[in-house]
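*Asks:* The structure under discussion is supplied below as structure tokens; questions concerning it will follow.
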Amino acid sequence: MEKVVIVTGANSGIGLALCERLLTEDAQLRLCLACRNARRAEAARSALLASHAGARVDSLHLDVGSVQSVLAAAQEIKARYSRIHFLYLNAGIMPNPRLDAKALFKGLFSRNVARMFATADGLLTQQDLVTADGLQEVFATNLFGHFLLIRELEPLLCQAGHASRVVWTSSGNARRSAFSLQDVQHRNGSEPYSSSKYASDALSLALNRHKNSQGLFSSVICPGLVMTDLTYGILPSFFWTLILPFMWLIRFFTNTFTLTPYNGAEALHWLFLQNPESLDPRAKYHSLTSGFGTNYTQPRQMDIDDETSDELYSKLLELERVVGRQLSEEKKLAR
Ligand SMILES: NC(=O)c1ccc[n+]([C@@H]2O[C@H](COP(=O)([O-])OP(=O)(O)OC[C@H]3O[C@@H](n4cnc5c(N)ncnc54)[C@H](OP(=O)(O)O)[C@@H]3O)[C@@H](O)[C@H]2O)c1
């Protein structure tokens with residue numbers, strides 16, 4: 001039976017590299033690129049078909065930051081496919097990151113230099129926006145849109161006797177200290193990215209507890225530090241090119257500098273090959289690259305407790321109801 005694999009944010013960076021790797025792994029896949037930009041999605045699809053002639057690659061419009069777009073995309077997916085084997089929740093933003101130059105300078109001469117680059121700990125602050133749905137944009141894009149998508153696709157993801165997988169592209173920057181159950185959207189903080197990624201880790205744990213019995217398994221990965229549009233938004237590409245030799249060297253001391261999208265997609269690809277029952281729901285699977293360029297995947301325990309993850313899950317279900325009511329009122333008014 002053909003495997004249906006959906007990848008959000010598939011038109012560039014780690015998502016596109018994952019698609020390449022999956023098609024190389026299994027030429028029979030039915031791959032769906034779920035992207036918000038039709039032109040970039042079509043370019044990615046053409047590139048994939050150029051290197052994998054005859055592959056079955058679909059594209060689908062999905063803006064995970066818009067509730068209506070998520071609902072419409074879910075309807076379309078249900079019309080197209082009868083089951084989903086893998087749903088890669090990879091789309092993500094880190095908007096307007098501001099670099100704390102003082103912290104960067106201090107960090108360069110400290111013992112934590114490798115960790116600083118690997119996690120951006122203390123280096124970045126971001127200014128969040130509010131979406132048309134009234135949600136914090138980073139939360140809506142990195143977490144809530146994906147949560148709604150899972151909820152809408154449950155009939156295809158939770159089927160008796162079959163295992164389905166969701167895989168979150170999280171980050172080493174996911175920190176408990178940036179997240180608060182009293183402010184899950186991170187309206188009042190300056191680290192919405194870190195908060196949203198911590199929330200995805202916590203949600204993954206809750207999904208496993210609530211949905212494993214229905215055949216749905218969730219995993220979380222960290223791609224390492226990868227040169228993509230996202231990192232070029234933090235510092236211009238010429239800066240990264242300038243310090244690249246330095247980063248190659250650091251790779252002999254820390255393995256999180258994966259640098260290329262191909263390497264960053266290592267754990268996503270590795271999970272594709274694993275039996276879900278063999279995975280640890282409390283682990284984040286890290287893409288790692290050694291000083292000599294060898295790629296491998298390593299599980300590391302996440303700093304998450306059951307109470308936090310369950311409470312977050314309940315809050316997201318409640319927000320789903322609120323957003324649903326809001327939408328039906330808007331529809332009534334529009335009639
Ligand atoms: N690069 C790193 O070092 C790093 C480290 C840790 C985690 N990550 C995570 O890796 C994932 C992939 O990022 P990347 O590094 O590969 O960067 P990227 O090349 O910028 O890819 C991000 C993808 O997400 C899509 N996207 C953004 N907002 C969206 C929305 N509202 N709806 C649908 N798609 C949307 C982008 O589409 P558009 O082309 O339309 O913008 C793009 O395809 C992200 O979740 C990121 O947080 C990256």
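Simple scheme: letters A, B, ... for chains in structure tokens order, numbers from 1 for residues in each chain, numbers from 1 for ligands in the order shown.
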I'd like a table as a Markdown table: residues in range 86-162 of chain A with an atom no more than 10 Å from range 202-211 of chain A, each row giving the shortest atom pair and its distance in Å to one decimal, only C-alpha atoms counted, sorted by chain and rising residue number.
*Replies:*
| residue | atom | partner | partner_atom | distance |
| --- | --- | --- | --- | --- |
| A:Leu143 | CA | A:Leu203 | CA | 8.9 |
| A:Phe147 | CA | A:Leu203 | CA | 8.6 |
| A:Ile150 | CA | A:Leu207 | CA | 9.9 |
| A:Glu154 | CA | A:Lys211 | CA | 9.6 |
| A:Leu157 | CA | A:Lys211 | CA | 9.7 |
| A:Cys158 | CA | A:Lys211 | CA | 7.7 |
*Asks:* Could you dump the residues just selected with C-alpha atoms as a PDB file, in the first residue's frame?
*Replies:*
ATOM      1  CA  LEU A 143       1.976  25.442  17.197  1.00  0.00           C
ATOM      2  CA  PHE A 147      -2.604  21.426  16.400  1.00  0.00           C
ATOM      3  CA  ILE A 150      -4.055  17.289  13.607  1.00  0.00           C
ATOM      4  CA  GLU A 154      -7.963  12.761  13.263  1.00  0.00           C
ATOM      5  CA  LEU A 157      -4.693   9.735  11.563  1.00  0.00           C
ATOM      6  CA  CYS A 158      -6.533   7.623  14.123  1.00  0.00           C
TER       7      CYS A 158
END
*Asks:* Got a sec to check which residues lie within 6 Å of ligand 1, using only C-alpha atoms and all ligand atoms, and send them as a VMD selection string?
*Replies:* chain A and resid 9 to 15 35 to 37 62 to 65 90 to 93 141 169 to 171 222 to 231
*Asks:* Please give the complete set of residues from range 149-189 of chain A that DSSP, run on the backbone, assigns to alpha helix (DSSP H), formatted as a list in words.
*Replies:* Leu149, Ile150, Arg151, Glu152, Glu154, Pro155, Leu156 and Leu157 of chain A
*Asks:* Residues of range 62-249 of chain A in strand (DSSP E or B) according to DSSP, as an mmCIF file with C-alpha atoms, in the first residue's frame?
*Replies:*
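Once everything was written out, this is states01.cif:
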data_model
loop_
_atom_site.group_PDB
_atom_site.id
_atom_site.type_symbol
_atom_site.label_atom_id
_atom_site.label_comp_id
_atom_site.auth_asym_id
_atom_site.auth_seq_id
_atom_site.Cartn_x
_atom_site.Cartn_y
_atom_site.Cartn_z
ATOM 1 C CA PHE A 86 3.241 10.631 8.211
ATOM 2 C CA LEU A 87 2.394 14.245 8.930
ATOM 3 C CA TYR A 88 5.578 16.307 9.265
ATOM 4 C CA LEU A 89 4.812 19.558 11.119
ATOM 5 C CA PRO A 97 14.757 38.350 15.432
ATOM 6 C CA ARG A 98 16.861 41.030 17.078
ATOM 7 C CA LEU A 99 20.369 40.083 17.964
ATOM 8 C CA LEU A 124 17.679 36.655 20.300
ATOM 9 C CA THR A 125 14.566 38.589 21.112
ATOM 10 C CA GLN A 126 11.655 38.769 18.691
ATOM 11 C CA VAL A 130 -1.159 39.307 15.912
ATOM 12 C CA GLN A 136 -0.071 35.638 18.436
ATOM 13 C CA SER A 164 0.067 7.032 11.980
ATOM 14 C CA ARG A 165 2.827 9.452 12.841
ATOM 15 C CA VAL A 166 3.122 13.173 13.428
ATOM 16 C CA VAL A 167 6.622 14.632 13.668
ATOM 17 C CA TRP A 168 7.331 18.153 14.941
ATOM 18 C CA THR A 169 10.393 20.127 13.858
ATOM 19 C CA LEU A 216 -1.461 8.103 16.561
ATOM 20 C CA PHE A 217 2.209 8.532 17.576
ATOM 21 C CA SER A 218 3.955 11.873 17.937
ATOM 22 C CA SER A 219 7.691 12.654 17.910
ATOM 23 C CA VAL A 220 9.823 15.746 18.206
ATOM 24 C CA ILE A 221 13.130 16.517 16.547
ATOM 25 C CA CYS A 222 15.789 19.194 16.713
ATOM 26 C CA VAL A 226 21.105 24.840 9.806
#
*Asks:* Interatomic distance between CA of Ala114 in chain A and CA of Phe257 in chain A?
*Replies:*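 Here the two named atoms are 8.8 Å from each other.
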*Asks:* What does the structure give for the distance between CA of Arg45 in chain A and CA of Cys32 in chain A, in Å to one decimal?
*Replies:* 9.3 Å
*Asks:* Could you check the closest approach to Ala120 in chain A for each of A:Ile234, A:Ala199, A:Leu279, A:Ala50 and tell me which residue wins, using only C-alpha atoms?
*Replies:* A:Ile234
*Asks:* When distances are computed from only C-alpha atoms, which of A:Ala41, A:Leu242, A:Ser69, A:Leu22 shows the smallest separation from Ala132 in chain A?
*Replies:*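 For Ala132 in chain A, the nearest of the candidates is A:Ser69.
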*Asks:* Which is closest to Leu18 in chain A among A:Thr260, A:Asn96, A:Gln298, A:Ser314, if we use only C-alpha atoms?
*Replies:* A:Thr260
*Asks:* Go through A:Asn112, A:Asp133, A:Lys284, A:His269 one by one, measure the shortest atom-to-atom distance of each to Arg325 in chain A using only C-alpha atoms, and give the residue with the smallest value.
*Replies:*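 Selected residue with least distance to Arg325 in chain A: A:Asp133.
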*Asks:* For Ser194 in chain A, list every protein, DNA or RNA residue within 9 Å, evaluated using only C-alpha atoms, and leave out those in the same chain fewer than 4 positions away; present the list as a list of chain:residue names.
*Replies:*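 The filter keeps A:Ser171, A:Gly172, A:Asn173, A:Ala174, A:Arg175, A:Arg176, A:Ser177, A:Ala178, A:Phe179, A:Tyr198, A:Ala199.
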*Asks:* Which polymer residues have any atom within 12 Å of an atom of Asp183 in chain A, counting only C-alpha atoms, with same-chain residues fewer than 6 positions away left out, as a short mmCIF file (atom, residue, chain, number, x, y, z; two decimals) with C-alpha atoms, in the first residue's frame?
*Replies:*
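So result-v1.cif came out as:
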data_model
loop_
_atom_site.label_atom_id
_atom_site.label_comp_id
_atom_site.auth_asym_id
_atom_site.auth_seq_id
_atom_site.Cartn_x
_atom_site.Cartn_y
_atom_site.Cartn_z
CA LEU A 135 -3.77 35.00 17.81
CA GLN A 136 -0.07 35.64 18.44
CA PHE A 139 2.16 30.63 18.45
CA GLY A 189 7.20 37.87 26.64
CA PRO A 192 7.80 33.68 21.37
CA SER A 195 7.95 29.39 23.93
CA SER A 196 6.23 27.94 20.83
CA ALA A 199 4.91 24.07 23.65
CA LEU A 312 -1.41 22.73 27.69
CA LYS A 315 -5.92 24.85 26.94
CA LEU A 316 -5.45 24.17 23.23
#
*Asks:* Can you work out which one of A:His162, A:Arg30, A:His61, A:His186 has the shortest atom-to-atom distance to Thr8 in chain A, counting only C-alpha atoms?
*Replies:* A:His61
*Asks:* Point out the residue among A:Ser328, A:Ala163, A:Tyr262, A:Thr256 with the least atom-to-atom distance to Ser213 in chain A, counting only C-alpha atoms.
*Replies:* A:Ala163
*Asks:* One decimal, in Å: what's the spacing between CA of Leu60 in chain A and CA of Ala73 in chain A?
*Replies:*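 Separation between CA of Leu60 in chain A and CA of Ala73 in chain A: 7.1 Å.
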